[in-house]
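Here is the structure we will look at, set down as structure tokens.
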Amino acid sequence: MHDLLFLAHGGEGATWQALVTMLSLGVMAVFLLVVLGRLTFEKPDDALLPLAGVAVLAALSPSLSSSLSDWIGWALPAGVVLLTALGVHLFTGLRLRPVGWPAGAAVVAAVVSSVLLYQPIVNAWHPVPVLVFTAQRDDAVVTIIRPVDGEQLSADGVLVEVAVTGATLLPDGLPKDVEPPDDPEELADLKVLVDGSPFTPEIRETCTADAPCTTISFPVPLEAGAHEVSVELLTAVGVTFEQVIFDQVSFEVVAG
């Protein structure tokens, strides 16, 4: 396995996003000055000093990264469009003037691109943090009693039996009219995987909120060959425990 080297991160406070935002804001300022005639862009060399000033100004962006990184969703598309407009001004006969259509078209394109691309950019580069909730484990243990690890079983039917200690089971889910218990290990749900795929068991026992189970069993139809069953204890509302409560067995099914 190769170690990953993280060069940058996205989201709130990302300095590279603040840098891109500052560069985009600088390009907007240069565009405005060119349109108003305060800067003269007649040949490509005329753009070197203003754009170099933008780059120097952008070097200050890390100190403002906590706020500037939030603006990248709209600043980047607008900056790219207006930089393209400056290139058109420099390398073609079209000129950016207050009353000319090229400047108006550039502004409209910048606004439209910011509106259309804002959400995709935010989703990709500046996502809202997702809180992952976990429950604290006390003393709960889940154990697969049957089959035994390494056992050979008949293909006529595999019966899985699971037991818990320090917890109770309500594997069919908490009824809507029942409040989740204060103890997350009570009325717990069970996540079952068969050969790595989710499996919905048909529990043979009757478990209720008033009379939960500590031992359950369910059949698993399997063909001949090597198989693996794993179970994980979840809270009554399907939340995983911070210290995963888990058990698994591997066994072989042979033709009857």
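Chain labels run A, B, ... following the order of the structure tokens; each chain numbers its residues from 1, and ligands are numbered from 1 in the order shown.
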Mind checking which residues fall within 10 Å of Val141 in chain A, counting only C-alpha atoms, ignoring those fewer than 3 positions away in the same chain, and posting them as a list in words? Arg137, Asp138, Ala163, Val164, Thr165, Gly166, Ala167, Glu185, Glu232, Leu233, Val244, Ile245, Phe246 and Asp247 of chain A
Residues of the last selection are to be written out with N, CA and C atoms, as a short mmCIF file (atom, residue, chain, number, x, y, z; two decimals), in the first residue's frame.
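Result file follows (selection_38.cif):
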data_model
loop_
_atom_site.label_atom_id
_atom_site.label_comp_id
_atom_site.auth_asym_id
_atom_site.auth_seq_id
_atom_site.Cartn_x
_atom_site.Cartn_y
_atom_site.Cartn_z
N ARG A 137 -19.79 3.06 23.20
CA ARG A 137 -19.98 1.68 23.65
C ARG A 137 -19.70 1.59 25.15
N ASP A 138 -20.52 0.79 25.84
CA ASP A 138 -20.28 0.53 27.25
C ASP A 138 -19.68 -0.87 27.41
N ALA A 163 -25.82 -13.88 19.23
CA ALA A 163 -26.15 -13.53 20.61
C ALA A 163 -25.44 -12.24 21.00
N VAL A 164 -26.05 -11.51 21.93
CA VAL A 164 -25.43 -10.29 22.46
C VAL A 164 -25.39 -10.36 23.98
N THR A 165 -24.38 -9.74 24.53
CA THR A 165 -24.31 -9.53 25.98
C THR A 165 -24.12 -8.04 26.22
N GLY A 166 -24.69 -7.57 27.31
CA GLY A 166 -24.61 -6.14 27.60
C GLY A 166 -25.46 -5.30 26.68
N ALA A 167 -26.39 -5.95 25.98
CA ALA A 167 -27.26 -5.24 25.03
C ALA A 167 -28.51 -6.07 24.80
N GLU A 185 -27.17 0.89 23.63
CA GLU A 185 -26.98 -0.55 23.46
C GLU A 185 -28.28 -1.33 23.64
N GLU A 232 -22.75 -6.57 12.64
CA GLU A 232 -22.33 -5.38 13.39
C GLU A 232 -23.53 -4.86 14.17
N LEU A 233 -23.30 -4.55 15.43
CA LEU A 233 -24.35 -4.01 16.28
C LEU A 233 -24.46 -2.50 16.04
N VAL A 244 -16.37 -0.14 17.12
CA VAL A 244 -17.29 -1.01 16.36
C VAL A 244 -17.50 -2.32 17.10
N ILE A 245 -18.78 -2.70 17.23
CA ILE A 245 -19.16 -3.95 17.89
C ILE A 245 -19.47 -4.94 16.77
N PHE A 246 -18.60 -5.92 16.58
CA PHE A 246 -18.56 -6.64 15.31
C PHE A 246 -18.10 -8.08 15.54
N ASP A 247 -18.59 -8.99 14.71
CA ASP A 247 -18.09 -10.36 14.71
C ASP A 247 -18.28 -10.94 13.32
#
Find the residues near Gln243 in chain A: any atom within 9 Å, counting only C-alpha atoms, skip ones fewer than 5 places away on the same chain, and give them as a list in words. Thr134, Ala135, Gln136 and Arg137 of chain A
Please dump the current selection as a compact mmCIF listing (two decimals), in the first residue's frame; keep C-alpha atoms.
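Generated output (result_4.txt):
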# COMPACT_ATOMS: atom_id res chain seq x y z
CA THR A 134 -21.35 7.74 16.58
CA ALA A 135 -22.53 6.22 19.82
CA GLN A 136 -20.41 5.35 22.84
CA ARG A 137 -19.98 1.68 23.65
Residue set, range 63-97 of chain A restricted to helix (DSSP H, G or I), as a PyMOL selection string: chain A and resi 63-91
Expected file contents, prior selection, C-alpha atoms, as a PDB file, in the first residue's frame:
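Output file again-v2.pdb follows:
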ATOM      1  CA  SER A  63      -3.893  35.792   5.750  1.00  0.00           C
ATOM      2  CA  LEU A  64      -7.520  36.138   4.600  1.00  0.00           C
ATOM      3  CA  SER A  65      -8.094  32.489   3.727  1.00  0.00           C
ATOM      4  CA  SER A  66     -10.842  31.998   6.310  1.00  0.00           C
ATOM      5  CA  SER A  67     -13.134  34.344   4.388  1.00  0.00           C
ATOM      6  CA  LEU A  68     -11.756  34.437   0.827  1.00  0.00           C
ATOM      7  CA  SER A  69     -11.954  30.664   0.405  1.00  0.00           C
ATOM      8  CA  ASP A  70     -15.740  30.936   0.754  1.00  0.00           C
ATOM      9  CA  TRP A  71     -15.961  33.115  -2.369  1.00  0.00           C
ATOM     10  CA  ILE A  72     -14.350  30.733  -4.849  1.00  0.00           C
ATOM     11  CA  GLY A  73     -17.687  29.445  -6.179  1.00  0.00           C
ATOM     12  CA  TRP A  74     -18.567  32.720  -7.859  1.00  0.00           C
ATOM     13  CA  ALA A  75     -15.140  34.407  -8.148  1.00  0.00           C
ATOM     14  CA  LEU A  76     -13.417  31.703 -10.216  1.00  0.00           C
ATOM     15  CA  PRO A  77     -15.932  31.519 -13.117  1.00  0.00           C
ATOM     16  CA  ALA A  78     -16.165  35.313 -13.342  1.00  0.00           C
ATOM     17  CA  GLY A  79     -12.386  35.683 -13.191  1.00  0.00           C
ATOM     18  CA  VAL A  80     -11.832  33.170 -15.997  1.00  0.00           C
ATOM     19  CA  VAL A  81     -14.414  34.853 -18.249  1.00  0.00           C
ATOM     20  CA  LEU A  82     -13.020  38.356 -17.676  1.00  0.00           C
ATOM     21  CA  LEU A  83      -9.433  37.172 -18.170  1.00  0.00           C
ATOM     22  CA  THR A  84     -10.532  35.715 -21.499  1.00  0.00           C
ATOM     23  CA  ALA A  85     -12.124  39.056 -22.366  1.00  0.00           C
ATOM     24  CA  LEU A  86      -8.838  40.822 -21.643  1.00  0.00           C
ATOM     25  CA  GLY A  87      -7.079  38.365 -23.939  1.00  0.00           C
ATOM     26  CA  VAL A  88      -9.600  39.091 -26.695  1.00  0.00           C
ATOM     27  CA  HIS A  89      -8.956  42.828 -26.172  1.00  0.00           C
ATOM     28  CA  LEU A  90      -5.187  42.342 -26.489  1.00  0.00           C
ATOM     29  CA  PHE A  91      -5.013  39.927 -29.399  1.00  0.00           C
TER      30      PHE A  91
END
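Shortest atom-to-atom contact with Thr200 in chain A among A:Ala47, A:Val231, A:Ala52, A:Leu116: A:Val231, counting only C-alpha atoms.
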I'd like the contact shell of Val35 in chain A - 10 Å cut-off, only C-alpha atoms, skipping same-chain residues fewer than 2 positions apart - returned as a VMD selection string. chain A and resid 29 to 33 37 to 41 86 95 to 100 102 to 104
Grab the residues selected above and save them as a PDB file, in the first residue's frame with N, CA and C atoms.
ATOM      1  N   ALA A  29     -10.683  43.617 -11.237  1.00  0.00           N
ATOM      2  CA  ALA A  29     -10.276  45.014 -11.084  1.00  0.00           C
ATOM      3  C   ALA A  29      -9.560  45.517 -12.332  1.00  0.00           C
ATOM      4  N   VAL A  30      -8.677  44.702 -12.892  1.00  0.00           N
ATOM      5  CA  VAL A  30      -7.970  45.100 -14.121  1.00  0.00           C
ATOM      6  C   VAL A  30      -8.958  45.264 -15.260  1.00  0.00           C
ATOM      7  N   PHE A  31      -9.901  44.350 -15.391  1.00  0.00           N
ATOM      8  CA  PHE A  31     -10.921  44.452 -16.436  1.00  0.00           C
ATOM      9  C   PHE A  31     -11.681  45.773 -16.318  1.00  0.00           C
ATOM     10  N   LEU A  32     -12.097  46.114 -15.106  1.00  0.00           N
ATOM     11  CA  LEU A  32     -12.848  47.342 -14.902  1.00  0.00           C
ATOM     12  C   LEU A  32     -12.022  48.570 -15.272  1.00  0.00           C
ATOM     13  N   LEU A  33     -10.741  48.566 -14.902  1.00  0.00           N
ATOM     14  CA  LEU A  33      -9.881  49.710 -15.220  1.00  0.00           C
ATOM     15  C   LEU A  33      -9.647  49.835 -16.723  1.00  0.00           C
ATOM     16  N   GLY A  37     -10.949  52.901 -19.217  1.00  0.00           N
ATOM     17  CA  GLY A  37      -9.881  53.652 -19.846  1.00  0.00           C
ATOM     18  C   GLY A  37      -8.776  54.086 -18.907  1.00  0.00           C
ATOM     19  N   ARG A  38      -8.769  53.623 -17.670  1.00  0.00           N
ATOM     20  CA  ARG A  38      -7.715  53.986 -16.727  1.00  0.00           C
ATOM     21  C   ARG A  38      -6.436  53.208 -16.969  1.00  0.00           C
ATOM     22  N   LEU A  39      -6.548  52.045 -17.613  1.00  0.00           N
ATOM     23  CA  LEU A  39      -5.391  51.274 -18.043  1.00  0.00           C
ATOM     24  C   LEU A  39      -5.443  51.132 -19.564  1.00  0.00           C
ATOM     25  N   THR A  40      -4.290  51.261 -20.189  1.00  0.00           N
ATOM     26  CA  THR A  40      -4.219  51.164 -21.644  1.00  0.00           C
ATOM     27  C   THR A  40      -3.591  49.834 -22.021  1.00  0.00           C
ATOM     28  N   PHE A  41      -4.398  48.992 -22.643  1.00  0.00           N
ATOM     29  CA  PHE A  41      -3.922  47.707 -23.154  1.00  0.00           C
ATOM     30  C   PHE A  41      -3.958  47.765 -24.677  1.00  0.00           C
ATOM     31  N   LEU A  86     -10.062  40.019 -21.523  1.00  0.00           N
ATOM     32  CA  LEU A  86      -8.838  40.822 -21.643  1.00  0.00           C
ATOM     33  C   LEU A  86      -7.936  40.282 -22.745  1.00  0.00           C
ATOM     34  N   ARG A  95     -12.426  45.851 -28.787  1.00  0.00           N
ATOM     35  CA  ARG A  95     -11.959  46.674 -27.686  1.00  0.00           C
ATOM     36  C   ARG A  95     -13.007  46.741 -26.585  1.00  0.00           C
ATOM     37  N   LEU A  96     -12.512  46.711 -25.359  1.00  0.00           N
ATOM     38  CA  LEU A  96     -13.388  46.823 -24.201  1.00  0.00           C
ATOM     39  C   LEU A  96     -13.615  48.293 -23.895  1.00  0.00           C
ATOM     40  N   ARG A  97     -14.836  48.746 -24.142  1.00  0.00           N
ATOM     41  CA  ARG A  97     -15.194  50.135 -23.887  1.00  0.00           C
ATOM     42  C   ARG A  97     -16.514  50.174 -23.122  1.00  0.00           C
ATOM     43  N   PRO A  98     -16.760  51.228 -22.363  1.00  0.00           N
ATOM     44  CA  PRO A  98     -18.002  51.292 -21.570  1.00  0.00           C
ATOM     45  C   PRO A  98     -19.272  51.134 -22.392  1.00  0.00           C
ATOM     46  N   VAL A  99     -19.265  51.663 -23.626  1.00  0.00           N
ATOM     47  CA  VAL A  99     -20.484  51.608 -24.436  1.00  0.00           C
ATOM     48  C   VAL A  99     -20.410  50.548 -25.531  1.00  0.00           C
ATOM     49  N   GLY A 100     -19.363  49.748 -25.559  1.00  0.00           N
ATOM     50  CA  GLY A 100     -19.225  48.723 -26.591  1.00  0.00           C
ATOM     51  C   GLY A 100     -19.825  47.402 -26.155  1.00  0.00           C
ATOM     52  N   PRO A 102     -18.566  44.312 -26.595  1.00  0.00           N
ATOM     53  CA  PRO A 102     -17.677  43.292 -26.010  1.00  0.00           C
ATOM     54  C   PRO A 102     -17.637  43.338 -24.483  1.00  0.00           C
ATOM     55  N   ALA A 103     -17.584  44.552 -23.919  1.00  0.00           N
ATOM     56  CA  ALA A 103     -17.541  44.660 -22.463  1.00  0.00           C
ATOM     57  C   ALA A 103     -18.844  44.167 -21.848  1.00  0.00           C
ATOM     58  N   GLY A 104     -19.965  44.567 -22.445  1.00  0.00           N
ATOM     59  CA  GLY A 104     -21.259  44.115 -21.929  1.00  0.00           C
ATOM     60  C   GLY A 104     -21.417  42.618 -22.016  1.00  0.00           C
TER      61      GLY A 104
END
